[in-house]
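One structure is given here, and the rest of the page talks about it.
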Amino acid sequence: SPTLPTNKNFTKHCSLESGVWVTYKGGVYDITEFVAMHPGGNKILLAAGGALEPYWALYAVHQQDHVLEILSEYKIGVL
Ligand code: HEM
């Protein structure tokens with residue numbers, strides 16, 4: 001039977017091996033390809049499998065249009 005996109009599966013996408021997915025404001029993003037390009041290095045993996053909001057609240061450097069433009073390239077769905 002096909003694999004349904006449940007939360008259980010979403011939380012599996014939290015490593016470079018399985019793919020790195022995050023959520024932001026109701027959107028789902030597969031950022032696997034971006035991890036190696038992230039200016040903030042591997043800290044990005046702290047958010048793997050969950051929401052970006054708590055981290056971006058701490059690292060305010062992300063509150064810029066050009067950061068959201070990057071994120072938008074990786075959108076794969078909505079919650
Ligand atoms: C910097 C993107 C997630 C920590 C940056 C910058 C971009 C970026 C474009 C450079 C901003 C600038 O200087 O104008 C992203 C994207 C993320 C993400 C697209 C998610 C898909 C995270 C997470 C953390 C984080 C989850 C922390 C847990 C940092 C830090 C910097 C940074 C510390 C500053 C690096 C420095 O200038 O030394 N990020 N980020 N990022 N990011 Fe992220």
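The chains in the structure tokens are called A, B, ... from first to last as shown; in each chain the residues are counted from 1, and the ligands are counted from 1 in the order shown.
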- Message: Distance limit 10 Å, reference ligand 1, atoms considered: only C-alpha atoms and all ligand atoms. Which residues make the cut? Give them as a VMD selection string.
- Response: chain A and resid 20 to 24 29 to 32 34 to 35 37 to 48 50 to 75
Save the residues we just selected, C-alpha atoms, as an mmCIF file, in the first residue's frame?
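Result written to again_21.cif:
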data_model
loop_
_atom_site.group_PDB
_atom_site.id
_atom_site.type_symbol
_atom_site.label_atom_id
_atom_site.label_comp_id
_atom_site.auth_asym_id
_atom_site.auth_seq_id
_atom_site.Cartn_x
_atom_site.Cartn_y
_atom_site.Cartn_z
ATOM 1 C CA VAL A 20 15.732 17.224 5.553
ATOM 2 C CA TRP A 21 12.243 18.687 5.750
ATOM 3 C CA VAL A 22 11.129 21.699 7.758
ATOM 4 C CA THR A 23 7.922 23.679 8.167
ATOM 5 C CA TYR A 24 7.375 27.420 8.126
ATOM 6 C CA TYR A 29 10.052 22.531 2.611
ATOM 7 C CA ASP A 30 12.590 19.934 1.511
ATOM 8 C CA ILE A 31 15.826 21.775 2.236
ATOM 9 C CA THR A 32 18.151 18.796 1.759
ATOM 10 C CA PHE A 34 20.366 23.741 0.734
ATOM 11 C CA VAL A 35 21.987 22.375 3.907
ATOM 12 C CA MET A 37 25.016 26.007 1.192
ATOM 13 C CA HIS A 38 23.680 27.397 4.477
ATOM 14 C CA PRO A 39 25.735 30.398 5.673
ATOM 15 C CA GLY A 40 25.069 29.311 9.250
ATOM 16 C CA GLY A 41 26.482 25.825 8.685
ATOM 17 C CA ASN A 42 25.087 22.685 10.282
ATOM 18 C CA LYS A 43 23.024 24.608 12.825
ATOM 19 C CA ILE A 44 20.286 24.365 10.221
ATOM 20 C CA LEU A 45 19.926 20.676 11.104
ATOM 21 C CA LEU A 46 18.597 21.574 14.552
ATOM 22 C CA ALA A 47 15.297 22.382 12.855
ATOM 23 C CA ALA A 48 15.238 19.186 10.774
ATOM 24 C CA GLY A 50 10.118 20.388 12.592
ATOM 25 C CA ALA A 51 9.311 24.089 12.591
ATOM 26 C CA LEU A 52 11.743 26.864 11.667
ATOM 27 C CA GLU A 53 9.939 29.538 13.692
ATOM 28 C CA PRO A 54 11.584 28.918 17.104
ATOM 29 C CA TYR A 55 15.055 29.024 15.553
ATOM 30 C CA TRP A 56 14.435 32.012 13.344
ATOM 31 C CA ALA A 57 13.130 33.860 16.399
ATOM 32 C CA LEU A 58 16.532 33.270 17.990
ATOM 33 C CA TYR A 59 18.589 33.961 14.859
ATOM 34 C CA ALA A 60 17.024 37.173 13.597
ATOM 35 C CA VAL A 61 19.365 37.267 10.591
ATOM 36 C CA HIS A 62 16.617 35.286 8.839
ATOM 37 C CA GLN A 63 14.062 38.125 9.049
ATOM 38 C CA GLN A 64 14.924 39.348 5.561
ATOM 39 C CA ASP A 65 13.169 39.011 2.208
ATOM 40 C CA HIS A 66 16.140 37.332 0.555
ATOM 41 C CA VAL A 67 16.043 34.515 3.122
ATOM 42 C CA LEU A 68 12.346 33.867 2.454
ATOM 43 C CA GLU A 69 13.062 33.831 -1.281
ATOM 44 C CA ILE A 70 15.596 31.060 -0.770
ATOM 45 C CA LEU A 71 13.167 29.090 1.378
ATOM 46 C CA SER A 72 10.383 29.431 -1.208
ATOM 47 C CA GLU A 73 12.474 27.551 -3.765
ATOM 48 C CA TYR A 74 12.245 24.419 -1.651
ATOM 49 C CA LYS A 75 8.491 24.271 -1.014
#
Please report, as a PDB file with N, CA and C atoms, in the first residue's frame, each residue of chain A to which DSSP assigns helix (DSSP H, G or I) when run on this structure's backbone.
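Done, and the output landed in selection_10.pdb:
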ATOM      1  N   ASN A   7       2.301  12.611   9.906  1.00  0.00           N
ATOM      2  CA  ASN A   7       3.318  13.236  10.750  1.00  0.00           C
ATOM      3  C   ASN A   7       4.449  12.270  11.049  1.00  0.00           C
ATOM      4  N   LYS A   8       4.086  10.999  11.201  1.00  0.00           N
ATOM      5  CA  LYS A   8       5.112  10.022  11.507  1.00  0.00           C
ATOM      6  C   LYS A   8       6.173   9.992  10.403  1.00  0.00           C
ATOM      7  N   ASN A   9       5.713  10.048   9.158  1.00  0.00           N
ATOM      8  CA  ASN A   9       6.678  10.067   8.065  1.00  0.00           C
ATOM      9  C   ASN A   9       7.436  11.387   8.015  1.00  0.00           C
ATOM     10  N   PHE A  10       6.747  12.465   8.335  1.00  0.00           N
ATOM     11  CA  PHE A  10       7.417  13.757   8.301  1.00  0.00           C
ATOM     12  C   PHE A  10       8.602  13.777   9.259  1.00  0.00           C
ATOM     13  N   VAL A  35      21.234  22.511   2.649  1.00  0.00           N
ATOM     14  CA  VAL A  35      21.987  22.375   3.907  1.00  0.00           C
ATOM     15  C   VAL A  35      23.468  22.716   3.718  1.00  0.00           C
ATOM     16  N   ALA A  36      24.068  22.178   2.655  1.00  0.00           N
ATOM     17  CA  ALA A  36      25.505  22.401   2.426  1.00  0.00           C
ATOM     18  C   ALA A  36      25.824  23.847   2.045  1.00  0.00           C
ATOM     19  N   MET A  37      24.799  24.606   1.621  1.00  0.00           N
ATOM     20  CA  MET A  37      25.016  26.007   1.192  1.00  0.00           C
ATOM     21  C   MET A  37      24.678  27.003   2.299  1.00  0.00           C
ATOM     22  N   GLY A  41      25.942  27.171   8.505  1.00  0.00           N
ATOM     23  CA  GLY A  41      26.482  25.825   8.685  1.00  0.00           C
ATOM     24  C   GLY A  41      25.460  24.803   9.159  1.00  0.00           C
ATOM     25  N   ASN A  42      25.936  23.814   9.888  1.00  0.00           N
ATOM     26  CA  ASN A  42      25.087  22.685  10.282  1.00  0.00           C
ATOM     27  C   ASN A  42      24.062  23.019  11.362  1.00  0.00           C
ATOM     28  N   LYS A  43      24.081  24.223  11.876  1.00  0.00           N
ATOM     29  CA  LYS A  43      23.024  24.608  12.825  1.00  0.00           C
ATOM     30  C   LYS A  43      21.642  24.416  12.211  1.00  0.00           C
ATOM     31  N   ILE A  44      21.560  24.517  10.912  1.00  0.00           N
ATOM     32  CA  ILE A  44      20.286  24.365  10.221  1.00  0.00           C
ATOM     33  C   ILE A  44      19.652  23.014  10.530  1.00  0.00           C
ATOM     34  N   LEU A  45      20.456  22.020  10.835  1.00  0.00           N
ATOM     35  CA  LEU A  45      19.926  20.676  11.104  1.00  0.00           C
ATOM     36  C   LEU A  45      19.187  20.586  12.435  1.00  0.00           C
ATOM     37  N   LEU A  46      19.357  21.575  13.301  1.00  0.00           N
ATOM     38  CA  LEU A  46      18.597  21.574  14.552  1.00  0.00           C
ATOM     39  C   LEU A  46      17.098  21.615  14.280  1.00  0.00           C
ATOM     40  N   ALA A  47      16.720  22.236  13.177  1.00  0.00           N
ATOM     41  CA  ALA A  47      15.297  22.382  12.855  1.00  0.00           C
ATOM     42  C   ALA A  47      14.769  21.221  12.016  1.00  0.00           C
ATOM     43  N   GLU A  53      10.255  28.320  12.939  1.00  0.00           N
ATOM     44  CA  GLU A  53       9.939  29.538  13.692  1.00  0.00           C
ATOM     45  C   GLU A  53      10.751  29.719  14.987  1.00  0.00           C
ATOM     46  N   PRO A  54      10.856  28.686  15.842  1.00  0.00           N
ATOM     47  CA  PRO A  54      11.584  28.918  17.104  1.00  0.00           C
ATOM     48  C   PRO A  54      13.047  29.293  16.878  1.00  0.00           C
ATOM     49  N   TYR A  55      13.643  28.753  15.826  1.00  0.00           N
ATOM     50  CA  TYR A  55      15.055  29.024  15.553  1.00  0.00           C
ATOM     51  C   TYR A  55      15.231  30.386  14.905  1.00  0.00           C
ATOM     52  N   TRP A  56      14.318  30.724  14.001  1.00  0.00           N
ATOM     53  CA  TRP A  56      14.435  32.012  13.344  1.00  0.00           C
ATOM     54  C   TRP A  56      14.097  33.156  14.283  1.00  0.00           C
ATOM     55  N   ALA A  57      13.353  32.846  15.364  1.00  0.00           N
ATOM     56  CA  ALA A  57      13.130  33.860  16.399  1.00  0.00           C
ATOM     57  C   ALA A  57      14.434  34.149  17.145  1.00  0.00           C
ATOM     58  N   LEU A  58      15.255  33.111  17.291  1.00  0.00           N
ATOM     59  CA  LEU A  58      16.532  33.270  17.990  1.00  0.00           C
ATOM     60  C   LEU A  58      17.595  33.882  17.089  1.00  0.00           C
ATOM     61  N   ALA A  60      17.820  36.171  14.318  1.00  0.00           N
ATOM     62  CA  ALA A  60      17.024  37.173  13.597  1.00  0.00           C
ATOM     63  C   ALA A  60      17.587  37.529  12.226  1.00  0.00           C
ATOM     64  N   VAL A  61      18.783  37.041  11.910  1.00  0.00           N
ATOM     65  CA  VAL A  61      19.365  37.267  10.591  1.00  0.00           C
ATOM     66  C   VAL A  61      18.440  36.753   9.480  1.00  0.00           C
ATOM     67  N   HIS A  62      17.527  35.855   9.845  1.00  0.00           N
ATOM     68  CA  HIS A  62      16.617  35.286   8.839  1.00  0.00           C
ATOM     69  C   HIS A  62      15.425  36.175   8.516  1.00  0.00           C
ATOM     70  N   ASP A  65      13.849  39.532   3.395  1.00  0.00           N
ATOM     71  CA  ASP A  65      13.169  39.011   2.208  1.00  0.00           C
ATOM     72  C   ASP A  65      14.018  38.000   1.454  1.00  0.00           C
ATOM     73  N   HIS A  66      15.324  38.237   1.379  1.00  0.00           N
ATOM     74  CA  HIS A  66      16.140  37.332   0.555  1.00  0.00           C
ATOM     75  C   HIS A  66      16.222  35.942   1.174  1.00  0.00           C
ATOM     76  N   VAL A  67      16.060  35.838   2.488  1.00  0.00           N
ATOM     77  CA  VAL A  67      16.043  34.515   3.122  1.00  0.00           C
ATOM     78  C   VAL A  67      14.746  33.775   2.767  1.00  0.00           C
ATOM     79  N   LEU A  68      13.630  34.493   2.810  1.00  0.00           N
ATOM     80  CA  LEU A  68      12.346  33.867   2.454  1.00  0.00           C
ATOM     81  C   LEU A  68      12.306  33.455   0.984  1.00  0.00           C
ATOM     82  N   GLU A  69      12.999  34.207   0.145  1.00  0.00           N
ATOM     83  CA  GLU A  69      13.062  33.831  -1.281  1.00  0.00           C
ATOM     84  C   GLU A  69      13.795  32.510  -1.461  1.00  0.00           C
ATOM     85  N   ILE A  70      14.870  32.332  -0.712  1.00  0.00           N
ATOM     86  CA  ILE A  70      15.596  31.060  -0.770  1.00  0.00           C
ATOM     87  C   ILE A  70      14.678  29.928  -0.311  1.00  0.00           C
ATOM     88  N   LEU A  71      14.040  30.134   0.836  1.00  0.00           N
ATOM     89  CA  LEU A  71      13.167  29.090   1.378  1.00  0.00           C
ATOM     90  C   LEU A  71      12.078  28.702   0.379  1.00  0.00           C
ATOM     91  N   SER A  72      11.507  29.694  -0.300  1.00  0.00           N
ATOM     92  CA  SER A  72      10.383  29.431  -1.208  1.00  0.00           C
ATOM     93  C   SER A  72      10.750  28.486  -2.348  1.00  0.00           C
TER      94      SER A  72
END
- Task: Give me every strand (DSSP E or B) residue in chain A, going by DSSP on the backbone, as a list in words.
- Result: Cys14, Ser15, Gly19, Val20, Trp21, Val22, Thr23, Tyr24, Gly27, Val28, Tyr29, Asp30, Ala51, Lys75, Ile76, Gly77 and Val78 of chain A
Same residues, C-alpha atoms, output as a PDB file, in the first residue's frame:
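So out_8.pdb came out as:
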ATOM      1  CA  CYS A  14      15.283  14.845   9.632  1.00  0.00           C
ATOM      2  CA  SER A  15      18.689  13.666   8.387  1.00  0.00           C
ATOM      3  CA  GLY A  19      16.169  14.136   3.407  1.00  0.00           C
ATOM      4  CA  VAL A  20      15.732  17.224   5.553  1.00  0.00           C
ATOM      5  CA  TRP A  21      12.243  18.687   5.750  1.00  0.00           C
ATOM      6  CA  VAL A  22      11.129  21.699   7.758  1.00  0.00           C
ATOM      7  CA  THR A  23       7.922  23.679   8.167  1.00  0.00           C
ATOM      8  CA  TYR A  24       7.375  27.420   8.126  1.00  0.00           C
ATOM      9  CA  GLY A  27       4.405  25.343   4.340  1.00  0.00           C
ATOM     10  CA  VAL A  28       6.561  22.231   4.067  1.00  0.00           C
ATOM     11  CA  TYR A  29      10.052  22.531   2.611  1.00  0.00           C
ATOM     12  CA  ASP A  30      12.590  19.934   1.511  1.00  0.00           C
ATOM     13  CA  ALA A  51       9.311  24.089  12.591  1.00  0.00           C
ATOM     14  CA  LYS A  75       8.491  24.271  -1.014  1.00  0.00           C
ATOM     15  CA  ILE A  76       7.010  20.800  -1.448  1.00  0.00           C
ATOM     16  CA  GLY A  77       3.617  21.137   0.206  1.00  0.00           C
ATOM     17  CA  VAL A  78       1.381  22.548   2.897  1.00  0.00           C
TER      18      VAL A  78
END
